[in-house]
Structure formats: structure tokens, C-alpha cells
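Here is the structure we will look at.
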Amino acid sequence: IKILSLNLKCTEQTRFATIPVSSLHQKLSYEEAQFYFKQDEKISWSAYVAGAFVVLMQELQFELNQGVSILIVSDVPEGLGVSSSAAIEVSSMKAICTAFQIKVEGKQLATLCQKVENLVVGTACGIMDQLACCLGQQNQLLAIQCQPAEILGYQKVPDGVRFWGIDSGTKHSVGGSNYTSVRIGTFM
């Protein structure tokens with residue numbers, strides 16, 4: 001599996017990873033996959049993409065028996081709290097499912113993508129970002145109840161209302177121990 005990621009706004013963020021197809025086999029557990037990607041800093045980022053293969057193998061008994069080349073071209077900034085990890089998981093999962101004629105949509109797609117982040121990447125994120133990426137609609141607010149991942153409906157954004165994102169310059173990460181302990185605390 002060859003993955004090339006190009007960031008249109010920052011050439012320093014161009015990344016390349018090669019993962020032998022034999023490394024991602026049917027019997028590979030989530031724990032083993034997580035260890036595999038974390039052991040090499042040069043490919044750890046690719047777990048967000050190649051993790052889709054692991055989840056499809058575990059959850060849908062998908063078999064990967066050929067090489068795959070994936071090109072990612074993006075200008076979504078990383079680590080700014082704009083769902084960049086969910087965006088890459090969802091777009092990768094959709095592309096892989098389309099290429100291999102796997103029928104997965106909506107909430108199921110979001111759930112599989114959350115499994116990529118939780119079980120392969122090893123980040124204890126919720127499902128809100130994946131649901132928004134999978135089911136969001138232009139000029140609509142998406143009402144979500146994250147426990148247990150229910151879509152409550154859409155609300156049209158009133159004419160004249162605009163939303164602005166402001167870059168505070170502070171990096172955002174759901175991968176750290178602080179986020180994980182806060183998330184665990186919410187379920188106690």
C-alpha cells in the first residue's frame with residue numbers, strides 16, 4: 001500500500017508511506033495494527049488512511065490481496081480543531097469502499113471511521129466529527145446525539161447567518177492523555 005499525502009498550503013507536510021499488503025492481514029487484531037503503525041514514526045500518520053483496510057477486514061471480512069496506491073491532496077489544516085482526522089478517515093474509507101465495491105453509507109460509514117481512530121490510531125475520540133463529515137449538508141446544521149450516535153435531523157441555516165472559524169494559533173489534539181482522561185471522566 002503506497003500513500004502519498006500532499007498539503008496544498010504547506011509543502012513541509014508532504015508525506016509518503018509504504019505498507020506491505022502482507023502486514024495488514026485478516027488475522028491482524030486492532031491492538032497489533034495499532035502497535036504496527038505506532039512503532040515507526042515515519043508511517044504513524046498513515047494509520048488514519050490504511051486503518052480503513054484493517055477495520056474493513058475486521059468488521060466486514062474484506063480481503064486485501066492486491067497493492068493499492070492512494071494520493072491525498074488536501075488543504076485542510078491539521079491540529080486546528082476542524083475535524084482533519086475525521087475528514088481524512090471518511091474520504092479514505094469512501095474511496096476504498098468505492099474502489100472495492102463495498103456498500104457502506106451514512107451512520108455505518110461514520111462508525112467504521114471512528115473505529116479507525118479509536119482502535120487503529122489509538123485516539124479515544126467520539127463520533128461527532130465522523131458523523132458530520134459523513135452526513136453533513138451544505139447550509140444545514142446537523143443535530144446529533146452522540147450517545148448512541150443518533151441523527152436527530154437537520155436545521156436550515158437562516159439566510160444572512162454566517163459562521164466564522166478563527167485560528168487561535170493553538171494546536172488541538174484528541175490524541176493526548178489529557179483528552180483521554182477528560183473523555184473517560186464524562187462516562188463515569
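Ordered as shown in the C-alpha cells, chains take letters A, B, and onward, while each chain numbers its residues from 1 and ligands are numbered from 1 in the order shown.
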
Tell me which protein, DNA and RNA residues are within 8 Å of segment 136-146 of chain A, counting only C-alpha atoms, leaving out same-chain ones fewer than 3 positions away, and put them as a PyMOL selection string.
chain A and resi 126-128+131-133+149-157

Output the selection as a PDB file, in the first residue's frame - N, CA, C and O atoms for each residue.
ATOM      1  N   GLY A 126     -14.723  10.802  20.078  1.00  0.00           N
ATOM      2  CA  GLY A 126     -16.138  10.481  19.940  1.00  0.00           C
ATOM      3  C   GLY A 126     -16.478  10.316  18.462  1.00  0.00           C
ATOM      4  O   GLY A 126     -15.595  10.222  17.612  1.00  0.00           O
ATOM      5  N   ILE A 127     -17.767  10.331  18.161  1.00  0.00           N
ATOM      6  CA  ILE A 127     -18.204  10.085  16.777  1.00  0.00           C
ATOM      7  C   ILE A 127     -18.742  11.335  16.081  1.00  0.00           C
ATOM      8  O   ILE A 127     -19.054  11.313  14.902  1.00  0.00           O
ATOM      9  N   MET A 128     -18.808  12.460  16.793  1.00  0.00           N
ATOM     10  CA  MET A 128     -19.406  13.662  16.233  1.00  0.00           C
ATOM     11  C   MET A 128     -18.750  14.095  14.914  1.00  0.00           C
ATOM     12  O   MET A 128     -19.437  14.356  13.929  1.00  0.00           O
ATOM     13  N   LEU A 131     -19.579  11.693  12.030  1.00  0.00           N
ATOM     14  CA  LEU A 131     -20.974  11.858  11.595  1.00  0.00           C
ATOM     15  C   LEU A 131     -21.138  13.123  10.770  1.00  0.00           C
ATOM     16  O   LEU A 131     -21.807  13.111   9.733  1.00  0.00           O
ATOM     17  N   ALA A 132     -20.521  14.215  11.217  1.00  0.00           N
ATOM     18  CA  ALA A 132     -20.630  15.477  10.478  1.00  0.00           C
ATOM     19  C   ALA A 132     -20.002  15.353   9.088  1.00  0.00           C
ATOM     20  O   ALA A 132     -20.559  15.849   8.110  1.00  0.00           O
ATOM     21  N   CYS A 133     -18.852  14.687   9.007  1.00  0.00           N
ATOM     22  CA  CYS A 133     -18.194  14.503   7.704  1.00  0.00           C
ATOM     23  C   CYS A 133     -19.009  13.610   6.771  1.00  0.00           C
ATOM     24  O   CYS A 133     -19.036  13.836   5.559  1.00  0.00           O
ATOM     25  N   ALA A 149     -25.013   7.803  19.080  1.00  0.00           N
ATOM     26  CA  ALA A 149     -24.805   8.142  17.667  1.00  0.00           C
ATOM     27  C   ALA A 149     -26.120   8.201  16.894  1.00  0.00           C
ATOM     28  O   ALA A 149     -26.323   7.500  15.915  1.00  0.00           O
ATOM     29  N   GLU A 150     -26.999   9.076  17.332  1.00  0.00           N
ATOM     30  CA  GLU A 150     -28.292   9.245  16.659  1.00  0.00           C
ATOM     31  C   GLU A 150     -28.325  10.566  15.910  1.00  0.00           C
ATOM     32  O   GLU A 150     -27.883  11.587  16.421  1.00  0.00           O
ATOM     33  N   ILE A 151     -28.875  10.523  14.718  1.00  0.00           N
ATOM     34  CA  ILE A 151     -29.097  11.739  13.939  1.00  0.00           C
ATOM     35  C   ILE A 151     -30.507  12.217  14.276  1.00  0.00           C
ATOM     36  O   ILE A 151     -31.484  11.501  14.062  1.00  0.00           O
ATOM     37  N   LEU A 152     -30.597  13.433  14.803  1.00  0.00           N
ATOM     38  CA  LEU A 152     -31.892  13.968  15.216  1.00  0.00           C
ATOM     39  C   LEU A 152     -32.549  14.797  14.116  1.00  0.00           C
ATOM     40  O   LEU A 152     -33.720  15.104  14.203  1.00  0.00           O
ATOM     41  N   GLY A 153     -31.776  15.154  13.105  1.00  0.00           N
ATOM     42  CA  GLY A 153     -32.352  15.894  11.987  1.00  0.00           C
ATOM     43  C   GLY A 153     -31.465  17.040  11.543  1.00  0.00           C
ATOM     44  O   GLY A 153     -30.352  17.222  12.035  1.00  0.00           O
ATOM     45  N   TYR A 154     -31.979  17.812  10.607  1.00  0.00           N
ATOM     46  CA  TYR A 154     -31.259  18.942  10.033  1.00  0.00           C
ATOM     47  C   TYR A 154     -32.059  20.214  10.278  1.00  0.00           C
ATOM     48  O   TYR A 154     -33.284  20.191  10.349  1.00  0.00           O
ATOM     49  N   GLN A 155     -31.339  21.318  10.396  1.00  0.00           N
ATOM     50  CA  GLN A 155     -31.975  22.621  10.557  1.00  0.00           C
ATOM     51  C   GLN A 155     -31.315  23.569   9.562  1.00  0.00           C
ATOM     52  O   GLN A 155     -30.092  23.720   9.570  1.00  0.00           O
ATOM     53  N   LYS A 156     -32.121  24.173   8.695  1.00  0.00           N
ATOM     54  CA  LYS A 156     -31.572  25.100   7.701  1.00  0.00           C
ATOM     55  C   LYS A 156     -30.952  26.299   8.415  1.00  0.00           C
ATOM     56  O   LYS A 156     -31.527  26.845   9.360  1.00  0.00           O
ATOM     57  N   VAL A 157     -29.781  26.702   7.951  1.00  0.00           N
ATOM     58  CA  VAL A 157     -29.146  27.912   8.464  1.00  0.00           C
ATOM     59  C   VAL A 157     -29.930  29.093   7.907  1.00  0.00           C
ATOM     60  O   VAL A 157     -30.112  29.191   6.685  1.00  0.00           O
TER      61      VAL A 157
END

Would you mind writing down, as an mmCIF file with N, CA and C atoms, in the first residue's frame, each residue of segment 58-107 of chain A that DSSP on the backbone assigns to alpha helix (DSSP H)?
data_model
loop_
_atom_site.group_PDB
_atom_site.id
_atom_site.type_symbol
_atom_site.label_atom_id
_atom_site.label_comp_id
_atom_site.auth_asym_id
_atom_site.auth_seq_id
_atom_site.Cartn_x
_atom_site.Cartn_y
_atom_site.Cartn_z
ATOM 1 N N GLN A 58 -11.683 -6.468 9.711
ATOM 2 C CA GLN A 58 -12.224 -6.929 10.984
ATOM 3 C C GLN A 58 -13.757 -6.942 11.003
ATOM 4 N N GLU A 59 -14.354 -5.887 10.477
ATOM 5 C CA GLU A 59 -15.802 -5.701 10.617
ATOM 6 C C GLU A 59 -16.613 -6.289 9.460
ATOM 7 N N LEU A 60 -16.055 -6.285 8.257
ATOM 8 C CA LEU A 60 -16.813 -6.728 7.080
ATOM 9 C C LEU A 60 -16.146 -7.888 6.345
ATOM 10 N N SER A 84 -9.895 17.477 10.964
ATOM 11 C CA SER A 84 -8.999 16.999 9.908
ATOM 12 C C SER A 84 -8.838 15.484 9.944
ATOM 13 N N SER A 85 -8.773 14.890 11.139
ATOM 14 C CA SER A 85 -8.616 13.430 11.194
ATOM 15 C C SER A 85 -9.869 12.734 10.685
ATOM 16 N N ALA A 86 -11.042 13.228 11.057
ATOM 17 C CA ALA A 86 -12.285 12.627 10.563
ATOM 18 C C ALA A 86 -12.406 12.806 9.055
ATOM 19 N N ALA A 87 -11.999 13.954 8.546
ATOM 20 C CA ALA A 87 -12.081 14.209 7.105
ATOM 21 C C ALA A 87 -11.225 13.212 6.330
ATOM 22 N N ILE A 88 -10.010 12.955 6.816
ATOM 23 C CA ILE A 88 -9.132 12.022 6.104
ATOM 24 C C ILE A 88 -9.628 10.587 6.253
ATOM 25 N N GLU A 89 -10.155 10.242 7.422
ATOM 26 C CA GLU A 89 -10.697 8.884 7.618
ATOM 27 C C GLU A 89 -11.891 8.642 6.705
ATOM 28 N N VAL A 90 -12.812 9.589 6.684
ATOM 29 C CA VAL A 90 -14.034 9.422 5.886
ATOM 30 C C VAL A 90 -13.706 9.406 4.396
ATOM 31 N N SER A 91 -12.865 10.332 3.933
ATOM 32 C CA SER A 91 -12.555 10.351 2.499
ATOM 33 C C SER A 91 -11.790 9.095 2.092
ATOM 34 N N SER A 92 -10.886 8.627 2.949
ATOM 35 C CA SER A 92 -10.142 7.394 2.638
ATOM 36 C C SER A 92 -11.074 6.184 2.622
ATOM 37 N N MET A 93 -11.918 6.073 3.640
ATOM 38 C CA MET A 93 -12.848 4.941 3.725
ATOM 39 C C MET A 93 -13.793 4.942 2.523
ATOM 40 N N LYS A 94 -14.315 6.116 2.143
ATOM 41 C CA LYS A 94 -15.212 6.194 0.988
ATOM 42 C C LYS A 94 -14.500 5.783 -0.297
ATOM 43 N N ALA A 95 -13.269 6.257 -0.476
ATOM 44 C CA ALA A 95 -12.515 5.917 -1.686
ATOM 45 C C ALA A 95 -12.222 4.420 -1.752
ATOM 46 N N ILE A 96 -11.813 3.849 -0.627
ATOM 47 C CA ILE A 96 -11.512 2.416 -0.583
ATOM 48 C C ILE A 96 -12.780 1.598 -0.850
ATOM 49 N N CYS A 97 -13.861 1.971 -0.208
ATOM 50 C CA CYS A 97 -15.126 1.243 -0.410
ATOM 51 C C CYS A 97 -15.598 1.349 -1.852
ATOM 52 N N THR A 98 -15.439 2.511 -2.450
ATOM 53 C CA THR A 98 -15.827 2.683 -3.853
ATOM 54 C C THR A 98 -14.942 1.824 -4.758
ATOM 55 N N ALA A 99 -13.632 1.867 -4.527
ATOM 56 C CA ALA A 99 -12.696 1.112 -5.372
ATOM 57 C C ALA A 99 -12.940 -0.394 -5.300
ATOM 58 N N GLY A 106 -23.540 6.480 5.302
ATOM 59 C CA GLY A 106 -24.094 7.177 6.444
ATOM 60 C C GLY A 106 -23.508 6.838 7.795
ATOM 61 N N LYS A 107 -24.397 6.482 8.698
ATOM 62 C CA LYS A 107 -24.011 6.209 10.080
ATOM 63 C C LYS A 107 -23.035 5.032 10.177
#

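Of the listed residues (A:Val54, A:Ile102, A:Leu119, A:Leu109), A:Val54 comes nearest to Leu28 of chain A; the distances count only C-alpha atoms.
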
Nearest residue to Leu8 of chain A from the set A:Ser44, A:Asp75, A:Ser23, A:Ala52 (distances using only C-alpha atoms)
A:Asp75

Test item, strand (DSSP E or B) assignment across segment 128-173 of chain A, answer as a PyMOL selection string
chain A and resi 140-145+150-156

For Ala17 of chain A, list every protein, DNA or RNA residue within 7 Å, evaluated using only C-alpha atoms, and leave out those in the same chain fewer than 2 positions away; present the list as a PyMOL selection string.
chain A and resi 2-4+15+19+43+46

For Leu24 of chain A, please output as a list in words all residues within 10 Å (counting only C-alpha atoms; exclusion window: fewer than 5 positions along the same chain).
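So the residues in contact are Ile1, Ile19, Ser29, Glu32, Ala33, Tyr36, Ala50, Gly51, Phe53, Val54, Met57, Glu63, Leu64 and Asn65 of chain A.
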